[in-house]
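Asker: So here's my_file_4.csv (CSV, C-alpha atoms).
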chain,number,residue,atom,x,y,z
K,29,MET,CA,143.2,-296.4,21.2
K,30,ALA,CA,141.4,-295.7,17.9
K,31,THR,CA,138.4,-293.4,18.0
K,32,PRO,CA,135.3,-295.5,18.6
K,33,HIS,CA,132.6,-295.4,16.0
K,34,VAL,CA,129.0,-295.3,17.1
K,35,LEU,CA,126.0,-295.6,14.9
K,36,LEU,CA,123.2,-293.4,16.2
K,37,VAL,CA,119.7,-294.3,15.2
K,38,ASP,CA,116.9,-291.9,16.0
K,39,ASP,CA,113.9,-290.5,14.1
K,40,SER,CA,113.9,-287.2,16.2
K,41,CYS,CA,116.2,-284.6,14.8
K,42,VAL,CA,116.6,-282.9,18.2
K,43,ASP,CA,117.5,-286.2,19.9
K,44,ARG,CA,119.9,-287.0,17.1
K,45,PHE,CA,121.6,-283.6,17.5
K,46,VAL,CA,121.9,-283.8,21.3
K,47,ALA,CA,123.2,-287.3,21.4
K,48,ALA,CA,125.7,-286.7,18.5
K,49,ARG,CA,127.0,-283.5,20.1
K,50,VAL,CA,127.5,-285.3,23.5
K,51,LEU,CA,129.3,-288.2,21.9
K,52,GLU,CA,131.5,-286.0,19.6
K,53,SER,CA,132.5,-283.9,22.6
K,54,CYS,CA,134.0,-287.1,24.1
K,55,ASN,CA,136.0,-287.8,20.9
K,56,VAL,CA,133.6,-290.4,19.5
K,57,LYS,CA,133.0,-290.8,15.8
K,58,VAL,CA,129.3,-290.7,15.2
K,59,THR,CA,127.3,-291.7,12.1
K,60,VAL,CA,123.7,-290.6,12.3
K,61,VAL,CA,120.7,-292.3,10.6
K,62,GLU,CA,117.0,-291.6,10.9
K,63,GLY,CA,115.7,-295.2,11.2
K,64,ALA,CA,116.3,-298.9,11.7
K,65,LYS,CA,116.1,-299.8,8.0
K,66,GLN,CA,118.8,-297.1,7.2
K,67,ALA,CA,120.9,-298.5,10.0
K,68,LEU,CA,120.8,-302.0,8.6
K,69,GLU,CA,121.7,-300.7,5.1
K,70,PHE,CA,124.6,-298.7,6.6
K,71,LEU,CA,125.8,-301.7,8.6
K,72,ASP,CA,125.7,-303.9,5.5
K,73,MET,CA,128.3,-301.5,3.9
K,74,GLU,CA,130.3,-300.3,7.0
K,75,HIS,CA,132.5,-302.5,9.0
K,76,ASP,CA,134.1,-300.2,11.7
K,77,VAL,CA,131.0,-299.5,13.8
K,78,LYS,CA,131.7,-300.5,17.4
K,79,LEU,CA,128.3,-299.8,19.0
K,80,ILE,CA,124.7,-299.1,18.0
K,81,LEU,CA,122.9,-296.5,20.0
K,82,THR,CA,119.2,-296.6,19.0
K,83,ASP,CA,115.9,-295.0,20.0
K,84,TYR,CA,113.2,-297.5,21.0
K,85,CYS,CA,110.2,-295.6,19.6
K,86,MET,CA,110.5,-295.1,15.8
K,87,PRO,CA,108.0,-295.5,13.0
K,88,ASP,CA,108.2,-298.5,10.6
K,89,MET,CA,110.8,-300.5,12.7
K,90,SER,CA,111.4,-299.9,16.4
K,91,GLY,CA,114.8,-299.9,18.1
K,92,TYR,CA,113.8,-303.3,19.6
K,93,ASP,CA,113.2,-304.6,16.0
K,94,LEU,CA,116.6,-303.4,15.1
K,95,LEU,CA,118.1,-305.1,18.1
K,96,VAL,CA,116.5,-308.4,17.1
K,97,GLU,CA,117.7,-308.1,13.5
K,98,VAL,CA,121.3,-307.3,14.7
K,99,LYS,CA,121.3,-310.2,17.2
K,100,LYS,CA,120.1,-312.8,14.6
K,101,SER,CA,122.7,-311.7,12.0
K,102,PRO,CA,126.0,-313.7,12.1
K,103,LYS,CA,127.7,-310.6,10.6
K,104,LEU,CA,126.4,-308.2,13.2
K,105,ASN,CA,125.5,-310.1,16.4
K,106,HIS,CA,128.8,-309.2,18.0
K,107,LEU,CA,127.9,-305.5,18.0
K,108,PRO,CA,126.7,-304.1,21.3
K,109,VAL,CA,123.3,-302.4,21.1
K,110,VAL,CA,122.1,-299.8,23.6
K,111,ILE,CA,118.5,-298.7,23.5
K,112,THR,CA,117.4,-295.1,24.4
K,113,CYS,CA,114.0,-293.9,25.2
K,114,THR,CA,112.1,-291.1,27.0
K,115,ASP,CA,109.9,-293.7,28.7
K,116,ASP,CA,110.9,-295.7,31.8
K,117,VAL,CA,108.7,-298.7,31.2
K,118,PRO,CA,109.9,-301.8,33.2
K,119,GLU,CA,108.4,-304.4,30.8
K,120,ARG,CA,109.9,-302.7,27.8
K,121,ILE,CA,113.3,-302.5,29.5
K,122,LYS,CA,113.2,-306.2,30.5
K,123,ASN,CA,112.3,-307.1,26.9
K,124,CYS,CA,115.2,-305.1,25.6
K,125,PHE,CA,117.7,-306.8,28.0
K,126,ASP,CA,116.2,-310.2,27.2
K,127,GLY,CA,116.6,-309.5,23.5
K,128,GLY,CA,120.3,-308.8,24.0
K,129,ALA,CA,120.6,-305.1,24.6
K,130,LYS,CA,123.6,-304.0,26.6
K,131,ASP,CA,121.8,-301.1,28.2
K,132,TYR,CA,118.7,-299.0,28.3
K,133,ILE,CA,119.3,-295.3,28.8
K,134,ILE,CA,116.6,-292.7,29.5
K,135,LYS,CA,117.0,-289.7,27.2
K,136,PRO,CA,118.5,-287.2,26.9
K,137,ILE,CA,122.0,-288.8,26.6
K,138,LYS,CA,124.4,-286.9,28.9
K,139,VAL,CA,128.2,-286.7,29.0
K,140,ASP,CA,127.9,-288.8,32.2
K,141,ASN,CA,126.5,-291.7,30.1
K,142,VAL,CA,129.4,-291.8,27.7
K,143,PRO,CA,131.9,-293.8,29.8
K,144,ARG,CA,129.3,-296.4,30.4
K,145,LEU,CA,128.5,-296.6,26.7
K,146,LEU,CA,132.1,-296.9,25.8
K,147,SER,CA,132.6,-299.7,28.3
K,148,TYR,CA,130.5,-301.9,26.0
K,149,ILE,CA,132.9,-301.6,23.1
Just give me the structure as structure tokens.
Answerer:
Amino acid sequence: MATPHVLLVDDSCVDRFVAARVLESCNVKVTVVEGAKQALEFLDMEHDVKLILTDYCMPDMSGYDLLVEVKKSPKLNHLPVVITCTDDVPERIKNCFDGGAKDYIIKPIKVDNVPRLLSYI
């Protein structure tokens, strides 16, 4: 199997570092961007991303906003989107699932989460 490519979207440098290291330790190719707008620009140029792992709480455009943009795009709507957050807010989690998210994972991302993430690819 080819190495899966995950687009990691998070405005926190610490959270980006931790999640990238965890994914890379499991032989996952990771591209890191700081925000949803950068993610959409990257996805417009890149075609081998297999999963989007995005923080919920980001300035300018939230992870939920990114999810909505991905799901309404004919070019991108096939991509699984997993939302991450430090908050366990039931209404937010429900909204993400209703919007098409494959999963909602409480940070920090752990090695134990990786098989579940890869199952969405």
Asker: List the neighbours of Glu97 of chain K out to 12 Å using only C-alpha atoms; skip same-chain residues closer than 3 positions along the sequence, and give me the result as an mmCIF file with C-alpha atoms, in the frame of the given file.
Answerer:
data_model
loop_
_atom_site.group_PDB
_atom_site.id
_atom_site.type_symbol
_atom_site.label_atom_id
_atom_site.label_comp_id
_atom_site.auth_asym_id
_atom_site.auth_seq_id
_atom_site.Cartn_x
_atom_site.Cartn_y
_atom_site.Cartn_z
ATOM 1 C CA ALA K 64 116.300 -298.900 11.700
ATOM 2 C CA LYS K 65 116.100 -299.800 8.000
ATOM 3 C CA ALA K 67 120.900 -298.500 10.000
ATOM 4 C CA LEU K 68 120.800 -302.000 8.600
ATOM 5 C CA GLU K 69 121.700 -300.700 5.100
ATOM 6 C CA LEU K 71 125.800 -301.700 8.600
ATOM 7 C CA MET K 89 110.800 -300.500 12.700
ATOM 8 C CA SER K 90 111.400 -299.900 16.400
ATOM 9 C CA GLY K 91 114.800 -299.900 18.100
ATOM 10 C CA TYR K 92 113.800 -303.300 19.600
ATOM 11 C CA ASP K 93 113.200 -304.600 16.000
ATOM 12 C CA LEU K 94 116.600 -303.400 15.100
ATOM 13 C CA LYS K 100 120.100 -312.800 14.600
ATOM 14 C CA SER K 101 122.700 -311.700 12.000
ATOM 15 C CA PRO K 102 126.000 -313.700 12.100
ATOM 16 C CA LYS K 103 127.700 -310.600 10.600
ATOM 17 C CA LEU K 104 126.400 -308.200 13.200
ATOM 18 C CA ASN K 105 125.500 -310.100 16.400
ATOM 19 C CA LEU K 107 127.900 -305.500 18.000
ATOM 20 C CA VAL K 109 123.300 -302.400 21.100
ATOM 21 C CA GLY K 127 116.600 -309.500 23.500
ATOM 22 C CA GLY K 128 120.300 -308.800 24.000
ATOM 23 C CA ALA K 129 120.600 -305.100 24.600
#
Asker: Give as a list in words every residue, naming chains and numbers as the document does, that has an atom within 8 Å of (136.7, -292.8, 20.8), counting all atoms listed in the file.
Answerer: Met29, Ala30, Thr31, Pro32, His33, Cys54, Asn55, Val56, Lys57 and Leu146 of chain K
Asker: Excluding same-chain residues fewer than 3 positions from Cys85 of chain K, what lies within 10 Å of it counting all atoms listed in the file, as a list in words?
Answerer: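 Using all atoms listed in the file, the neighbours found are Asp38, Asp39, Ser40, Thr82, Asp88, Met89, Ser90, Gly91, Tyr92, Ile111, Thr112, Cys113, Thr114 and Asp115 of chain K.
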Asker: Within 12 Å of segment 138-143 of chain K, which residues of segment 89-133 of chain K come that close, and what is the closest atom pair and distance in Å for each? Count only C-alpha atoms and give it as a tab-separated table.
Answerer:
residue	atom	partner	partner_atom	distance
K:Val110	CA	K:Asn141	CA	11.3
K:Thr112	CA	K:Asn141	CA	11.3
K:Asp131	CA	K:Asn141	CA	10.7
K:Tyr132	CA	K:Asn141	CA	10.8
K:Ile133	CA	K:Asn141	CA	8.2
Asker: For Leu81 of chain K, which residue among K:Leu36, K:Ile149, K:Ile137, K:Val98 is the nearest when counting all atoms listed in the file?
Answerer: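 Nearest candidate to Leu81 of chain K out of K:Leu36, K:Ile149, K:Ile137, K:Val98: K:Leu36.
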Asker: Give me, please, the distance in Å between atom CA of Val58 of chain K and atom CA of Leu95 of chain K, quoted to one decimal.
Answerer: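 Between these atoms lies a distance of 18.5 Å.
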Asker: Work out how far apart atom CA of Thr59 of chain K and atom CA of Val77 of chain K are and give it in Å to one decimal.
Answerer: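 The value is 8.8 Å.
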